[in-house]
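Text of structure30.txt, listed as compact mmCIF, C-alpha atoms:
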# COMPACT_ATOMS: atom_id res chain seq x y z
CA MET A 1 117.96 76.14 84.85
CA PRO A 2 120.45 78.90 84.12
CA ARG A 3 121.48 81.16 87.00
CA PHE A 4 121.10 84.89 86.45
CA HIS A 5 122.67 87.74 88.41
CA PHE A 6 121.18 91.24 88.33
CA ASP A 7 123.68 93.97 89.27
CA VAL A 8 122.06 97.35 89.86
CA HIS A 9 123.78 100.57 88.76
CA GLU A 10 122.37 103.84 90.03
CA ASN A 11 124.15 106.99 88.88
CA GLY A 12 127.34 104.93 88.62
CA ARG A 13 127.08 103.25 92.05
CA VAL A 14 126.88 99.48 91.82
CA ILE A 15 124.92 97.09 93.99
CA PRO A 16 126.16 93.61 93.09
CA ASP A 17 123.68 90.74 93.16
CA GLU A 18 125.42 88.24 95.39
CA ASN A 19 122.62 85.67 95.42
CA GLY A 20 121.50 85.33 91.83
CA GLN A 21 118.34 83.50 90.77
CA ASP A 22 117.54 80.37 88.84
CA LEU A 23 115.07 81.30 86.12
CA ALA A 24 113.48 79.12 83.44
CA ASN A 25 114.94 80.98 80.45
CA GLU A 26 116.33 84.24 79.04
CA SER A 27 112.88 85.66 78.43
CA GLU A 28 112.04 85.31 82.15
CA ALA A 29 115.37 86.95 83.04
CA ARG A 30 114.65 89.86 80.69
CA LYS A 31 111.23 90.33 82.31
CA GLU A 32 112.77 90.22 85.79
CA ALA A 33 115.38 92.82 84.77
CA VAL A 34 112.77 95.20 83.34
CA MET A 35 110.54 94.85 86.41
CA THR A 36 113.46 95.38 88.78
CA GLY A 37 114.72 98.40 86.82
CA ALA A 38 111.29 100.02 86.62
CA SER A 39 110.56 99.41 90.27
CA ILE A 40 113.93 100.76 91.48
CA ALA A 41 113.65 103.71 89.07
CA ARG A 42 110.27 104.59 90.54
CA ASP A 43 111.80 104.87 94.03
CA ALA A 44 115.06 106.52 92.95
CA PHE A 45 113.50 109.04 90.53
CA VAL A 46 110.85 110.14 93.02
CA ALA A 47 113.40 110.38 95.86
CA GLY A 48 115.77 112.23 93.53
CA SER A 49 118.63 109.88 94.39
CA ALA A 50 119.34 108.93 90.75
CA GLN A 51 118.39 109.88 87.18
CA ARG A 52 119.58 106.66 85.59
CA VAL A 53 119.14 103.05 86.62
CA VAL A 54 120.86 100.20 84.80
CA ILE A 55 120.28 96.52 85.46
CA ASP A 56 123.28 94.54 84.24
CA VAL A 57 122.33 90.89 83.85
CA SER A 58 124.70 87.97 83.56
CA GLU A 59 123.76 84.39 82.72
CA ASP A 60 125.90 81.68 84.33
CA GLY A 61 128.66 84.25 84.79
CA ALA A 62 128.67 85.61 81.21
CA PRO A 63 127.20 89.03 80.24
CA PHE A 64 123.62 88.61 78.99
CA LEU A 65 121.91 92.01 78.69
CA LYS A 66 121.58 95.49 80.15
CA VAL A 67 118.33 97.34 80.82
CA SER A 68 118.74 101.12 81.13
CA ILE A 69 116.07 103.50 82.40
CA THR A 70 116.68 107.24 82.32
CA LEU A 71 114.64 110.09 83.77
CA GLU A 72 114.24 113.04 81.44
CA VAL A 73 112.26 116.04 82.54
CA GLU A 74 111.88 118.90 80.08
CA LYS A 75 110.50 122.16 81.33
CA ALA A 76 108.29 123.94 78.83
CA MET B 1 106.39 71.38 124.10
CA PRO B 2 104.28 71.23 127.31
CA SER B 3 100.60 71.91 126.72
CA ASP B 4 100.47 75.26 128.59
CA ALA B 5 103.45 76.48 126.51
CA ILE B 6 101.34 75.87 123.37
CA ARG B 7 98.81 78.42 124.63
CA ALA B 8 101.22 80.75 126.45
CA ALA B 9 101.71 83.33 123.69
CA LEU B 10 97.97 83.37 122.87
CA VAL B 11 97.00 83.97 126.50
CA LYS B 12 99.72 86.61 126.91
CA ARG B 13 98.48 88.44 123.83
CA LEU B 14 94.79 88.25 124.79
CA ARG B 15 95.52 89.51 128.31
CA ILE B 16 97.10 92.69 126.95
CA SER B 17 95.08 93.35 123.81
CA SER B 18 91.63 92.14 124.84
CA GLY B 19 91.69 92.07 128.66
CA ILE B 20 90.67 88.42 128.80
CA THR B 21 89.13 87.32 132.14
CA ASP B 22 90.65 84.57 134.29
CA ASP B 23 87.62 82.34 133.66
CA ASP B 24 88.10 82.67 129.92
CA VAL B 25 91.82 81.91 130.30
CA LYS B 26 90.79 78.65 132.03
CA GLU B 27 88.54 77.82 129.06
CA ILE B 28 91.42 78.36 126.65
CA GLU B 29 93.77 76.33 128.81
CA ALA B 30 91.28 73.45 128.73
CA LEU B 31 90.88 73.49 124.93
CA PRO B 32 91.89 70.23 123.27
CA ILE B 33 94.72 71.06 120.88
CA VAL B 34 96.50 68.68 118.53
CA VAL B 35 100.14 69.72 118.19
CA ARG B 36 102.05 69.14 114.97
CA GLN B 37 105.54 70.15 113.85
CA PHE B 38 105.94 71.69 110.40
CA PRO B 39 109.18 72.20 108.49
CA ALA B 40 110.06 75.63 107.04
CA GLU B 41 108.30 76.94 103.91
CA THR B 42 105.53 74.32 103.98
CA PRO B 43 101.82 74.87 103.31
CA VAL B 44 99.60 74.43 106.37
CA VAL B 45 96.27 75.04 104.63
CA ARG B 46 96.17 75.45 100.86
CA ASP B 47 94.09 77.84 98.77
CA GLY B 48 90.82 76.06 97.92
CA GLU B 49 91.11 73.56 100.76
CA ARG B 50 88.23 72.94 103.17
CA ALA B 51 89.59 73.54 106.67
CA THR B 52 88.32 71.56 109.65
CA ASP B 53 90.53 73.15 112.31
CA CYS B 54 91.96 76.52 113.20
CA CYS B 55 95.68 76.74 113.66
CA LEU B 56 97.35 78.38 116.66
CA ILE B 57 101.02 79.23 116.17
CA ALA B 58 102.84 78.03 119.30
CA ASP B 59 106.29 78.59 117.88
CA GLY B 60 107.68 79.77 114.54
CA PHE B 61 106.69 82.25 111.86
CA CYS B 62 103.99 81.80 109.18
CA VAL B 63 102.64 83.82 106.26
CA ARG B 64 99.37 84.06 104.45
CA SER B 65 99.70 84.46 100.70
CA LYS B 66 98.00 84.28 97.36
CA THR B 67 99.54 83.19 94.07
CA ILE B 68 98.36 84.59 90.72
CA ALA B 69 98.19 82.77 87.37
CA SER B 70 101.72 83.81 86.35
CA GLY B 71 103.07 82.09 89.45
CA LYS B 72 103.91 85.32 91.31
CA ARG B 73 103.11 85.17 95.00
CA GLN B 74 101.91 88.05 97.15
CA ILE B 75 102.57 87.66 100.86
CA LEU B 76 99.54 89.19 102.62
CA SER B 77 100.55 88.98 106.26
CA ILE B 78 103.24 87.66 108.58
CA HIS B 79 102.19 85.68 111.66
CA ILE B 80 103.92 85.03 114.96
CA PRO B 81 103.34 82.81 118.01
CA GLY B 82 100.05 83.40 119.83
CA GLU B 83 98.14 84.17 116.63
CA ILE B 84 95.43 82.08 114.96
CA PRO B 85 95.89 83.18 111.35
CA ASP B 86 93.04 81.07 109.93
CA LEU B 87 90.43 81.84 112.58
CA MET B 88 88.10 83.01 109.78
CA SER B 89 87.99 79.43 108.44
CA LEU B 90 85.50 78.76 111.23
CA PHE B 91 82.92 80.67 109.16
CA LEU B 92 84.52 80.85 105.69
CA HIS B 93 84.64 77.17 104.87
CA VAL B 94 86.86 77.03 101.79
CA MET B 95 90.24 78.76 101.99
CA ASP B 96 90.62 81.75 99.63
CA HIS B 97 94.37 81.99 100.23
CA GLU B 98 97.20 79.86 101.61
CA LEU B 99 98.67 79.65 105.08
CA SER B 100 102.25 78.38 105.12
CA THR B 101 105.25 78.30 107.44
CA LEU B 102 108.32 80.48 107.00
CA THR B 103 110.42 78.72 109.63
CA PRO B 104 110.11 75.31 111.29
CA SER B 105 106.97 75.77 113.37
CA THR B 106 105.03 74.16 116.19
CA LEU B 107 101.35 74.49 115.38
CA GLY B 108 98.34 73.67 117.53
CA PHE B 109 95.16 72.60 115.74
CA ILE B 110 91.80 73.30 117.39
CA SER B 111 88.82 71.68 115.69
CA HIS B 112 86.02 73.91 114.40
CA GLU B 113 83.57 71.84 116.40
CA THR B 114 85.46 72.56 119.64
CA LEU B 115 85.58 76.28 118.86
CA GLN B 116 81.88 76.43 118.00
CA LYS B 117 80.98 74.77 121.30
CA LEU B 118 83.33 77.13 123.16
CA HIS B 119 81.74 80.17 121.51
CA ARG B 120 78.24 79.07 122.55
CA ARG B 121 79.35 78.28 126.07
CA SER B 122 81.29 81.46 126.58
CA PRO B 123 80.17 84.51 124.63
CA GLY B 124 83.09 86.52 126.09
CA ILE B 125 85.54 84.37 124.17
CA ALA B 126 83.39 84.57 121.03
CA GLU B 127 83.51 88.38 121.24
CA MET B 128 87.24 88.31 121.82
CA PHE B 129 87.85 86.13 118.77
CA TRP B 130 85.51 88.35 116.76
CA ARG B 131 87.61 91.34 117.84
CA ASP B 132 90.72 89.39 116.84
CA THR B 133 89.47 88.91 113.28
CA LEU B 134 88.53 92.61 113.12
CA ILE B 135 92.07 93.56 114.14
CA ASP B 136 93.26 91.15 111.47
CA ALA B 137 91.20 93.15 108.94
CA ALA B 138 92.65 96.43 110.28
CA MET B 139 96.12 95.04 109.69
CA PHE B 140 95.17 94.16 106.12
CA ARG B 141 93.99 97.74 105.55
CA GLU B 142 97.34 99.00 106.77
CA TRP B 143 99.15 96.47 104.56
CA ILE B 144 97.26 97.78 101.50
CA VAL B 145 98.10 101.39 102.36
CA ASN B 146 101.73 100.43 102.89
CA VAL B 147 102.19 98.50 99.66
CA GLY B 148 100.05 100.89 97.62
CA GLN B 149 101.36 104.25 98.76
CA ARG B 150 104.81 104.14 100.37
CA PRO B 151 108.14 103.90 98.53
CA ALA B 152 109.83 100.53 99.01
CA PRO B 153 112.29 101.54 101.80
CA ALA B 154 109.40 102.95 103.87
CA ARG B 155 107.33 99.81 103.15
CA LEU B 156 110.06 97.61 104.59
CA ALA B 157 110.55 99.94 107.58
CA HIS B 158 106.81 99.84 108.29
CA VAL B 159 106.60 96.05 108.13
CA MET B 160 109.61 95.85 110.48
CA VAL B 161 108.18 98.23 113.07
CA GLU B 162 104.79 96.53 113.01
CA LEU B 163 106.36 93.10 113.46
CA ARG B 164 108.43 94.42 116.37
CA GLU B 165 105.36 95.89 118.11
CA ARG B 166 103.56 92.56 117.79
CA LEU B 167 106.59 90.56 118.98
CA LYS B 168 106.93 92.90 121.97
CA LEU B 169 103.43 91.93 123.09
CA ILE B 170 104.45 88.29 123.48
CA GLY B 171 107.85 89.15 124.96
CA ARG B 172 109.90 88.27 121.90
CA ALA B 173 111.44 91.63 121.02
CA GLU B 174 113.80 92.90 123.66
CA GLY B 175 116.62 95.40 123.23
CA ASN B 176 117.23 96.65 119.71
CA SER B 177 116.86 93.40 117.76
CA PHE B 178 114.17 90.91 116.84
CA ASP B 179 113.48 88.04 114.41
CA MET B 180 112.18 88.65 110.92
CA PRO B 181 112.97 85.37 109.19
CA LEU B 182 112.21 86.36 105.60
CA THR B 183 114.57 85.83 102.67
CA GLN B 184 115.15 88.61 100.13
CA GLU B 185 112.72 86.88 97.81
CA GLN B 186 110.04 86.68 100.52
CA ILE B 187 110.56 90.35 101.42
CA GLY B 188 110.03 91.09 97.74
CA GLU B 189 106.83 89.02 97.76
CA ALA B 190 105.60 90.89 100.83
CA LEU B 191 106.38 94.37 99.50
CA GLY B 192 105.39 93.77 95.88
CA ILE B 193 108.92 94.22 94.48
CA THR B 194 111.47 91.85 92.95
CA ALA B 195 114.10 90.06 95.08
CA VAL B 196 116.82 92.27 93.57
CA HIS B 197 114.93 95.42 94.48
CA ALA B 198 114.44 94.02 98.00
CA ASN B 199 118.20 93.48 98.22
CA ARG B 200 118.77 97.09 97.20
CA VAL B 201 116.30 98.35 99.83
CA ILE B 202 117.89 96.26 102.61
CA ARG B 203 121.32 97.63 101.66
CA GLN B 204 120.04 101.18 101.54
CA LEU B 205 118.58 100.95 105.06
CA ARG B 206 121.89 99.58 106.32
CA GLN B 207 124.00 102.20 104.49
CA GLU B 208 121.84 104.98 105.85
CA GLY B 209 122.45 103.63 109.34
CA ILE B 210 118.75 102.94 110.01
CA VAL B 211 118.40 99.21 110.36
CA GLU B 212 120.32 96.04 109.61
CA LEU B 213 118.70 92.81 108.43
CA GLN B 214 120.97 89.82 108.55
CA ARG B 215 120.14 86.10 108.55
CA GLY B 216 116.54 86.73 109.51
CA ARG B 217 117.28 89.11 112.36
CA VAL B 218 116.68 92.85 112.45
CA THR B 219 118.94 95.17 114.43
CA VAL B 220 117.77 98.74 114.80
CA LEU B 221 120.66 101.16 114.31
CA ASP B 222 118.73 104.42 114.63
CA GLU B 223 115.32 104.28 116.26
CA ARG B 224 114.32 107.85 115.42
CA LYS B 225 115.19 107.50 111.73
CA LEU B 226 113.39 104.14 111.55
CA LEU B 227 110.14 105.52 112.98
CA GLU B 228 110.33 108.58 110.74
CA LEU B 229 110.83 106.45 107.61
CA ALA B 230 108.16 103.91 108.61
CA ASP B 231 105.52 106.61 109.22
CA PHE B 232 104.16 104.23 111.84
CA ASP B 233 101.04 104.86 113.89
CA GLY B 234 100.22 101.68 115.80
CA ARG B 235 96.56 102.49 116.56
CA TYR B 236 95.40 99.99 113.95
CA LEU B 237 96.92 97.15 116.02
CA HIS B 238 94.47 97.94 118.85
CA GLN B 239 96.89 96.50 121.41
CA SER B 240 94.73 97.46 124.39
CA PRO B 241 91.08 96.81 125.25
CA MET B 242 90.67 100.63 125.30
CA LEU B 243 91.72 100.97 121.64
If you convert what's in this file into structure tokens, what do you get?
Amino acid sequence: MPRFHFDVHENGRVIPDENGQDLANESEARKEAVMTGASIARDAFVAGSAQRVVIDVSEDGAPFLKVSITLEVEKA
Amino acid sequence: MPSDAIRAALVKRLRISSGITDDDVKEIEALPIVVRQFPAETPVVRDGERATDCCLIADGFCVRSKTIASGKRQILSIHIPGEIPDLMSLFLHVMDHELSTLTPSTLGFISHETLQKLHRRSPGIAEMFWRDTLIDAAMFREWIVNVGQRPAPARLAHVMVELRERLKLIGRAEGNSFDMPLTQEQIGEALGITAVHANRVIRQLRQEGIVELQRGRVTVLDERKLLELADFDGRYLHQSPML
């Protein structure tokens, strides 16, 4: 099974994923990245600690994909 | 482990939380218990299994959990020495969730037949165990509120404070640190977040100088901030016969 690392970027600050996870395939890793991003964004957006959350995923050490979630609030 | 040590945490807990009488303590001390050692992260009773005994944790940490079709596991509760996490199996014959160890554990098995006889012989103990399962339900209510309503850092803080209050009762949380032997993945499973999000929450609590979780041990850095974040009101633990 490939090993995936999910680094979290919040407003430019990085939390490196030191452990990594063995996941069955890239589709599982994509799902994990989206869930992680959405779940962190929920906390960070509500707390006001960030407006943008990026999950930077690598697969066996090589870049795989990035999931970006941005908060946009438009006042009428 | 000597046989009174198997029951020590249970008796200690019941003395404080239920005001158990000395006669009832004697009954519990006379209970036949089969002791077995379990390795870490091992099922004790599986979902769907028909249980014939109740399991008293003499040493170690266990969890109750349920796994959905996609394979994701929700940890429902964390259990410590002195607790009988599957006491309900005495009346609910087929398990509707799993009980498993987190750490290597010493478990004492008491047969349903023995417990039924004990209940008939001593209604005081039956009432006490009934109260125990009601407190168990109160803890589940709090767990639902926690996972459903609080942001993840507060969820973790709440679980930590609750665990500490329960460990205190059996004399296993002294000073500013205590055991919480969950991996990042297991914390995620308990809080309903991914392992990576759990990692982020653990780091945040450390960076904010609230609490440090390292190798399964929690060190409180700022008690006031921890209690404020956890929004903890321990009434639901009913840790006194008056509550």
* Using all atoms listed in the file: which of B:Ala58, B:Ala30, B:Ile202, B:Leu14 has the shortest distance to chain A ->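 When distances to chain A are compared using all atoms listed in the file, the smallest one comes from B:Ile202.
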* Which of B:Ala152, B:Met180, B:Met160, B:Leu205 sits closest to chain A [using all atoms listed in the file] ->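 Distance minimum relative to chain A lands on B:Ala152.
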* Asked: By how many Å are CA of Asp179 in chain B and CA of Ile80 in chain B apart?
  ->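 Atom-to-atom, CA of Asp179 in chain B to CA of Ile80 in chain B, that is 10.0 Å.
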* Asked: Using only C-alpha atoms, which residues sit within 12 Å of range 39-41 of chain A once same-chain residues fewer than 4 positions away are excluded, as a PyMOL selection string?
  -> (chain A and resi 8-11+15+32-35+45-55+67-71) or (chain B and resi 151-153+188+191-201+204)
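With all atoms listed in the file as the atoms that count, the minimum distance from chain A to the choices B:Leu213, B:Lys72, B:Ser89, B:Leu102 is reached by B:Lys72.
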* **Atom-to-atom span, CA of Asn25 in chain A and CA of Asp60 in chain A, Å** =>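 Value for the CA of Asn25 in chain A-CA of Asp60 in chain A distance: 11.6 Å.
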* To do: Report the distance between CA of Gly82 in chain B and CA of Met242 in chain B in Å, rounded to one decimal place.
  =>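 Taking CA of Gly82 in chain B as the start and CA of Met242 in chain B as the end point, the length is 20.4 Å.
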* **Expected residue set, 12 Å radius at (104.9, 73.7, 128.0), only C-alpha atoms, as JSON, numbers by chain** => {"B": [1, 2, 3, 4, 5, 6, 7, 8, 9, 29, 35, 58, 59, 106]}
First collect every listed atom of range 220-227 of chain B; then fit an axis-aligned box around them, widen it by 8 Å on each side, and give centre and edge lengths in Å to one decimal, as AutoDock Vina command-line options.
--center_x 115.4 --center_y 103.3 --center_z 113.9 --size_x 26.5 --size_y 25.1 --size_z 20.7
* Asked: With all atoms listed in the file as the atoms that count, which of B:Gly108, B:Asp233, B:Glu142, B:Glu185 lies nearest to chain A?
  ->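 Of all the options, B:Glu185 lies closest to chain A.
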Quick one: residues within 6 Å of His5 in chain A, only C-alpha atoms counted, chain neighbours fewer than 6 positions away excluded, as a PDB file with C-alpha atoms, in the coordinates of the input?
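The result, written out as out-v8.pdb:
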ATOM      1  CA  ASP A  17     123.680  90.740  93.160  1.00  0.00           C
ATOM      2  CA  GLY A  20     121.500  85.330  91.830  1.00  0.00           C
ATOM      3  CA  VAL A  57     122.330  90.890  83.850  1.00  0.00           C
ATOM      4  CA  SER A  58     124.700  87.970  83.560  1.00  0.00           C
TER       5      SER A  58
END
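Residue nearest Asp22 in chain A, chosen from A:Gly37, A:Phe6, A:Lys75, A:Met1 and counting only C-alpha atoms: A:Met1.
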* Leaving out Leu23 in chain A and any residue of its chain fewer than 3 positions from it, which residues lie within 8 Å of it when counting all atoms listed in the file, given as a VMD selection string? -> chain A and resid 1 to 4 26 28 to 29
* For Asp86 in chain B, work out the shell of residues within 9 Å, counting only C-alpha atoms and skipping chain neighbours fewer than 2 positions away, then give it as an MDAnalysis selection string. => chainID B and resid 45 51 53:56 64 83:84 88:90 95 99
Please dump the current selection as a CSV table (one decimal), in the frame of the given file; keep C-alpha atoms.
chain,number,residue,atom,x,y,z
B,45,VAL,CA,96.3,75.0,104.6
B,51,ALA,CA,89.6,73.5,106.7
B,53,ASP,CA,90.5,73.2,112.3
B,54,CYS,CA,92.0,76.5,113.2
B,55,CYS,CA,95.7,76.7,113.7
B,56,LEU,CA,97.4,78.4,116.7
B,64,ARG,CA,99.4,84.1,104.4
B,83,GLU,CA,98.1,84.2,116.6
B,84,ILE,CA,95.4,82.1,115.0
B,88,MET,CA,88.1,83.0,109.8
B,89,SER,CA,88.0,79.4,108.4
B,90,LEU,CA,85.5,78.8,111.2
B,95,MET,CA,90.2,78.8,102.0
B,99,LEU,CA,98.7,79.6,105.1
